[in-house]
$ cat entry-v9.cif   # mmCIF, C-alpha atoms, pLDDT in the B column; chains and numbers go by the auth columns
data_data
loop_
_atom_site.group_PDB
_atom_site.id
_atom_site.type_symbol
_atom_site.label_atom_id
_atom_site.label_comp_id
_atom_site.label_asym_id
_atom_site.label_seq_id
_atom_site.Cartn_x
_atom_site.Cartn_y
_atom_site.Cartn_z
_atom_site.B_iso_or_equiv
_atom_site.auth_seq_id
_atom_site.auth_asym_id
ATOM 1 C CA MET A 1 -0.074 16.378 6.890 94.00 1 L
ATOM 2 C CA ARG A 2 -1.393 13.170 5.442 97.00 2 L
ATOM 3 C CA ALA A 3 -0.794 10.932 2.444 97.00 3 L
ATOM 4 C CA ILE A 4 -2.797 8.281 0.627 97.00 4 L
ATOM 5 C CA ILE A 5 -1.170 4.944 -0.210 98.00 5 L
ATOM 6 C CA THR A 6 -2.856 2.650 -2.726 97.00 6 L
ATOM 7 C CA VAL A 7 -1.876 -0.967 -3.338 98.00 7 L
ATOM 8 C CA VAL A 8 -3.168 -3.195 -6.144 98.00 8 L
ATOM 9 C CA GLY A 9 -2.003 -6.647 -7.186 98.00 9 L
ATOM 10 C CA LYS A 10 -2.432 -10.386 -6.914 97.00 10 L
ATOM 11 C CA ASP A 11 -3.393 -11.395 -3.377 97.00 11 L
ATOM 12 C CA THR A 12 -0.590 -13.001 -1.370 96.00 12 L
ATOM 13 C CA VAL A 13 0.118 -13.467 2.312 96.00 13 L
ATOM 14 C CA GLY A 14 1.777 -10.520 4.062 96.00 14 L
ATOM 15 C CA ILE A 15 0.971 -7.548 1.832 97.00 15 L
ATOM 16 C CA LEU A 16 -0.573 -5.500 4.648 97.00 16 L
ATOM 17 C CA ALA A 17 2.295 -6.438 6.969 97.00 17 L
ATOM 18 C CA SER A 18 4.921 -5.407 4.395 98.00 18 L
ATOM 19 C CA VAL A 19 3.301 -2.052 3.655 98.00 19 L
ATOM 20 C CA SER A 20 2.746 -1.370 7.365 98.00 20 L
ATOM 21 C CA GLY A 21 6.382 -2.237 8.086 98.00 21 L
ATOM 22 C CA ILE A 22 7.632 0.297 5.551 98.00 22 L
ATOM 23 C CA CYS A 23 5.312 2.916 7.050 98.00 23 L
ATOM 24 C CA ALA A 24 6.772 2.196 10.491 97.00 24 L
ATOM 25 C CA GLU A 25 10.356 2.365 9.195 97.00 25 L
ATOM 26 C CA HIS A 26 9.698 5.820 7.761 98.00 26 L
ATOM 27 C CA GLY A 27 7.681 7.129 10.717 97.00 27 L
ATOM 28 C CA ALA A 28 4.348 7.263 8.882 98.00 28 L
ATOM 29 C CA ASN A 29 1.469 6.646 11.283 98.00 29 L
ATOM 30 C CA ILE A 30 -1.414 4.663 9.780 98.00 30 L
ATOM 31 C CA ILE A 31 -4.715 6.430 10.438 98.00 31 L
ATOM 32 C CA GLU A 32 -7.130 4.343 8.410 98.00 32 L
ATOM 33 C CA VAL A 33 -7.030 1.265 6.168 98.00 33 L
ATOM 34 C CA THR A 34 -9.535 -0.294 3.840 98.00 34 L
ATOM 35 C CA GLN A 35 -8.800 -3.426 1.855 97.00 35 L
ATOM 36 C CA SER A 36 -10.651 -5.904 -0.310 97.00 36 L
ATOM 37 C CA VAL A 37 -9.862 -9.087 -2.129 96.00 37 L
ATOM 38 C CA LEU A 38 -11.751 -9.252 -5.415 93.00 38 L
ATOM 39 C CA GLN A 39 -11.390 -12.822 -6.642 93.00 39 L
ATOM 40 C CA GLU A 40 -7.564 -13.018 -6.679 95.00 40 L
ATOM 41 C CA MET A 41 -6.896 -9.259 -6.730 97.00 41 L
ATOM 42 C CA PHE A 42 -5.841 -7.405 -3.573 98.00 42 L
ATOM 43 C CA VAL A 43 -6.833 -3.734 -3.307 98.00 43 L
ATOM 44 C CA MET A 44 -5.930 -1.498 -0.363 98.00 44 L
ATOM 45 C CA VAL A 45 -6.124 2.201 0.441 97.00 45 L
ATOM 46 C CA MET A 46 -4.320 3.651 3.461 98.00 46 L
ATOM 47 C CA LEU A 47 -4.476 7.108 4.963 97.00 47 L
ATOM 48 C CA VAL A 48 -1.249 7.884 6.840 98.00 48 L
ATOM 49 C CA ASN A 49 -0.016 10.804 8.918 98.00 49 L
ATOM 50 C CA ILE A 50 3.331 12.022 7.574 97.00 50 L
ATOM 51 C CA ASP A 51 4.085 14.788 10.104 96.00 51 L
ATOM 52 C CA HIS A 52 7.098 12.886 11.499 95.00 52 L
ATOM 53 C CA LEU A 53 8.246 11.216 8.296 95.00 53 L
ATOM 54 C CA SER A 54 11.953 10.395 8.045 93.00 54 L
ATOM 55 C CA GLY A 55 13.307 10.688 4.512 90.00 55 L
ATOM 56 C CA GLY A 56 10.333 12.705 3.276 93.00 56 L
ATOM 57 C CA ILE A 57 7.439 11.562 1.125 96.00 57 L
ATOM 58 C CA ASN A 58 9.827 10.769 -1.744 96.00 58 L
ATOM 59 C CA GLY A 59 11.762 8.337 0.458 97.00 59 L
ATOM 60 C CA LEU A 60 8.535 6.638 1.531 98.00 60 L
ATOM 61 C CA SER A 61 7.369 6.457 -2.077 97.00 61 L
ATOM 62 C CA GLN A 62 10.664 4.969 -3.265 97.00 62 L
ATOM 63 C CA SER A 63 10.587 2.288 -0.558 97.00 63 L
ATOM 64 C CA MET A 64 6.991 1.409 -1.432 98.00 64 L
ATOM 65 C CA THR A 65 7.777 1.279 -5.158 97.00 65 L
ATOM 66 C CA LYS A 66 10.749 -1.043 -4.546 98.00 66 L
ATOM 67 C CA MET A 67 8.696 -3.363 -2.346 97.00 67 L
ATOM 68 C CA GLY A 68 5.903 -3.316 -4.940 97.00 68 L
ATOM 69 C CA GLU A 69 8.305 -4.306 -7.706 97.00 69 L
ATOM 70 C CA ASP A 70 9.684 -7.136 -5.549 96.00 70 L
ATOM 71 C CA LYS A 71 6.167 -8.468 -4.854 96.00 71 L
ATOM 72 C CA SER A 72 4.579 -7.641 -8.253 97.00 72 L
ATOM 73 C CA LEU A 73 2.302 -4.977 -6.753 98.00 73 L
ATOM 74 C CA LYS A 74 1.471 -1.483 -7.938 98.00 74 L
ATOM 75 C CA ILE A 75 1.916 0.881 -4.982 98.00 75 L
ATOM 76 C CA HIS A 76 1.338 4.616 -5.209 97.00 76 L
ATOM 77 C CA VAL A 77 1.984 7.242 -2.510 97.00 77 L
ATOM 78 C CA MET A 78 0.345 10.651 -2.913 96.00 78 L
ATOM 79 C CA HIS A 79 0.279 13.682 -0.635 93.00 79 L
ATOM 80 C CA GLU A 80 -3.282 14.414 0.495 88.00 80 L
ATOM 81 C CA ASP A 81 -3.194 17.951 -0.980 84.00 81 L
ATOM 82 C CA ILE A 82 -2.430 16.580 -4.443 86.00 82 L
ATOM 83 C CA PHE A 83 -5.096 13.901 -4.063 79.00 83 L
ATOM 84 C CA ASN A 84 -7.702 16.513 -3.054 77.00 84 L
ATOM 85 C CA SER A 85 -6.702 18.835 -5.919 81.00 85 L
ATOM 86 C CA MET A 86 -7.095 16.021 -8.439 79.00 86 L
ATOM 87 C CA HIS A 87 -10.583 15.148 -7.183 71.00 87 L
ATOM 88 C CA ARG A 88 -12.158 18.605 -6.945 71.00 88 L
ATOM 89 C CA ILE A 89 -14.856 19.526 -9.408 59.00 89 L
#

$ encode --input "entry-v9.cif" --output "structure tokens"
Amino acid sequence: MRAIITVVGKDTVGILASVSGICAEHGANIIEVTQSVLQEMFVMVMLVNIDHLSGGINGLSQSMTKMGEDKSLKIHVMHEDIFNSMHRI
């Protein structure tokens, strides 16, 4: 199983490291990352494997939300099945 993590906010040092650290703490393996800095805005999309997730996707999402609030970032975690369902025509 996989999940998509999106991160948007003002660019600061260590965003990728912080998000990656939370993934590691929860056992989410990062498969692919794309990121851009648009003027002062940081935008990142991660695809992570959640087969061996500790605490479930809700635990991962809560940790990401907390870190996002602490760093003034909007972080969203979505199961790949939900993402695919939302984007089917």

$ resolve_selection --input "entry-v9.cif" --expression "the PyMOL selection byres ((chain L and resi 61) around 12)" --output "JSON, numbers by chain"
{"L": [3, 4, 5, 6, 7, 19, 22, 23, 26, 28, 50, 53, 54, 55, 56, 57, 58, 59, 60, 62, 63, 64, 65, 66, 67, 68, 74, 75, 76, 77, 78, 79]}

$ atom_distance --input "entry-v9.cif" --atom1 "atom CA of Val48 of chain L" --atom2 "atom CA of Lys71 of chain L"
21.4 Å

$ axis_aligned_box --input "entry-v9.cif" --around "segment 33-46 of chain L" --padding-each-side "8 Å" --output "lines of an AutoDock Vina configuration file"
center_x = -8.0
center_y = -4.7
center_z = -0.3
size_x = 23.4
size_y = 32.7
size_z = 28.9

$ closest_residue --input "entry-v9.cif" --among "L:Asn84, L:Arg2, L:Val8, L:Asp51" --to "Glu32 of chain L" --atoms "all atoms listed in the file"
L:Arg2

$ residues_around --input "entry-v9.cif" --residues "Ile31 of chain L" --least-positions-apart "5" --cutoff "9 Å" --atoms "only C-alpha atoms" --output "list in words"
Met46, Leu47, Val48 and Asn49 of chain L

$ closest_residue --input "entry-v9.cif" --among "L:Leu38, L:Met86, L:Ile30, L:Val45" --to "Asp11 of chain L" --atoms "only C-alpha atoms"
L:Leu38

$ atom_distance --input "entry-v9.cif" --atom1 "atom CA of Gly9 of chain L" --atom2 "atom CA of Ser72 of chain L"
6.7 Å

$ decode --input "entry-v9.cif" --residues "segment 63-80 of chain L" --atoms "N, CA, C and O atoms" --output "PDB file, in the first residue's frame"
ATOM      1  N   SER L  63       0.954  13.084  13.131  1.00  0.00           N
ATOM      2  CA  SER L  63       2.325  13.571  13.344  1.00  0.00           C
ATOM      3  C   SER L  63       2.698  14.625  12.312  1.00  0.00           C
ATOM      4  O   SER L  63       3.327  15.636  12.643  1.00  0.00           O
ATOM      5  N   MET L  64       2.298  14.403  11.057  1.00  0.00           N
ATOM      6  CA  MET L  64       2.593  15.375  10.005  1.00  0.00           C
ATOM      7  C   MET L  64       1.828  16.681  10.244  1.00  0.00           C
ATOM      8  O   MET L  64       2.392  17.766  10.093  1.00  0.00           O
ATOM      9  N   THR L  65       0.568  16.572  10.639  1.00  0.00           N
ATOM     10  CA  THR L  65      -0.232  17.768  10.909  1.00  0.00           C
ATOM     11  C   THR L  65       0.383  18.580  12.038  1.00  0.00           C
ATOM     12  O   THR L  65       0.497  19.805  11.944  1.00  0.00           O
ATOM     13  N   LYS L  66       0.809  17.916  13.106  1.00  0.00           N
ATOM     14  CA  LYS L  66       1.424  18.611  14.248  1.00  0.00           C
ATOM     15  C   LYS L  66       2.690  19.328  13.813  1.00  0.00           C
ATOM     16  O   LYS L  66       2.910  20.487  14.147  1.00  0.00           O
ATOM     17  N   MET L  67       3.554  18.615  13.076  1.00  0.00           N
ATOM     18  CA  MET L  67       4.794  19.234  12.608  1.00  0.00           C
ATOM     19  C   MET L  67       4.483  20.407  11.686  1.00  0.00           C
ATOM     20  O   MET L  67       5.118  21.458  11.758  1.00  0.00           O
ATOM     21  N   GLY L  68       3.475  20.256  10.825  1.00  0.00           N
ATOM     22  CA  GLY L  68       3.080  21.339   9.933  1.00  0.00           C
ATOM     23  C   GLY L  68       2.615  22.562  10.689  1.00  0.00           C
ATOM     24  O   GLY L  68       2.973  23.692  10.345  1.00  0.00           O
ATOM     25  N   GLU L  69       1.825  22.353  11.739  1.00  0.00           N
ATOM     26  CA  GLU L  69       1.373  23.484  12.558  1.00  0.00           C
ATOM     27  C   GLU L  69       2.549  24.171  13.228  1.00  0.00           C
ATOM     28  O   GLU L  69       2.606  25.394  13.294  1.00  0.00           O
ATOM     29  N   ASP L  70       3.509  23.393  13.724  1.00  0.00           N
ATOM     30  CA  ASP L  70       4.690  23.957  14.384  1.00  0.00           C
ATOM     31  C   ASP L  70       5.549  24.785  13.430  1.00  0.00           C
ATOM     32  O   ASP L  70       6.184  25.750  13.841  1.00  0.00           O
ATOM     33  N   LYS L  71       5.578  24.389  12.141  1.00  0.00           N
ATOM     34  CA  LYS L  71       6.431  25.063  11.165  1.00  0.00           C
ATOM     35  C   LYS L  71       5.645  25.904  10.163  1.00  0.00           C
ATOM     36  O   LYS L  71       6.198  26.335   9.150  1.00  0.00           O
ATOM     37  N   SER L  72       4.354  26.124  10.431  1.00  0.00           N
ATOM     38  CA  SER L  72       3.482  26.919   9.547  1.00  0.00           C
ATOM     39  C   SER L  72       3.425  26.353   8.129  1.00  0.00           C
ATOM     40  O   SER L  72       3.526  27.078   7.139  1.00  0.00           O
ATOM     41  N   LEU L  73       3.266  25.026   8.040  1.00  0.00           N
ATOM     42  CA  LEU L  73       3.139  24.335   6.765  1.00  0.00           C
ATOM     43  C   LEU L  73       1.790  23.630   6.707  1.00  0.00           C
ATOM     44  O   LEU L  73       1.257  23.235   7.737  1.00  0.00           O
ATOM     45  N   LYS L  74       1.279  23.446   5.522  1.00  0.00           N
ATOM     46  CA  LYS L  74       0.077  22.648   5.323  1.00  0.00           C
ATOM     47  C   LYS L  74       0.537  21.289   4.791  1.00  0.00           C
ATOM     48  O   LYS L  74       1.102  21.193   3.695  1.00  0.00           O
ATOM     49  N   ILE L  75       0.332  20.246   5.603  1.00  0.00           N
ATOM     50  CA  ILE L  75       0.755  18.899   5.227  1.00  0.00           C
ATOM     51  C   ILE L  75      -0.474  18.003   5.208  1.00  0.00           C
ATOM     52  O   ILE L  75      -1.252  17.985   6.157  1.00  0.00           O
ATOM     53  N   HIS L  76      -0.618  17.253   4.110  1.00  0.00           N
ATOM     54  CA  HIS L  76      -1.761  16.368   3.959  1.00  0.00           C
ATOM     55  C   HIS L  76      -1.261  14.967   3.603  1.00  0.00           C
ATOM     56  O   HIS L  76      -0.398  14.813   2.733  1.00  0.00           O
ATOM     57  N   VAL L  77      -1.800  13.962   4.282  1.00  0.00           N
ATOM     58  CA  VAL L  77      -1.467  12.560   4.018  1.00  0.00           C
ATOM     59  C   VAL L  77      -2.736  11.880   3.515  1.00  0.00           C
ATOM     60  O   VAL L  77      -3.776  11.959   4.159  1.00  0.00           O
ATOM     61  N   MET L  78      -2.631  11.207   2.361  1.00  0.00           N
ATOM     62  CA  MET L  78      -3.799  10.559   1.776  1.00  0.00           C
ATOM     63  C   MET L  78      -3.417   9.177   1.249  1.00  0.00           C
ATOM     64  O   MET L  78      -2.402   9.034   0.551  1.00  0.00           O
ATOM     65  N   HIS L  79      -4.222   8.183   1.597  1.00  0.00           N
ATOM     66  CA  HIS L  79      -4.013   6.838   1.073  1.00  0.00           C
ATOM     67  C   HIS L  79      -4.124   6.885  -0.447  1.00  0.00           C
ATOM     68  O   HIS L  79      -4.972   7.593  -1.003  1.00  0.00           O
ATOM     69  N   GLU L  80      -3.292   6.122  -1.130  1.00  0.00           N
ATOM     70  CA  GLU L  80      -3.264   6.137  -2.593  1.00  0.00           C
ATOM     71  C   GLU L  80      -4.627   5.773  -3.198  1.00  0.00           C
ATOM     72  O   GLU L  80      -5.025   6.347  -4.216  1.00  0.00           O
TER      73      GLU L  80
END
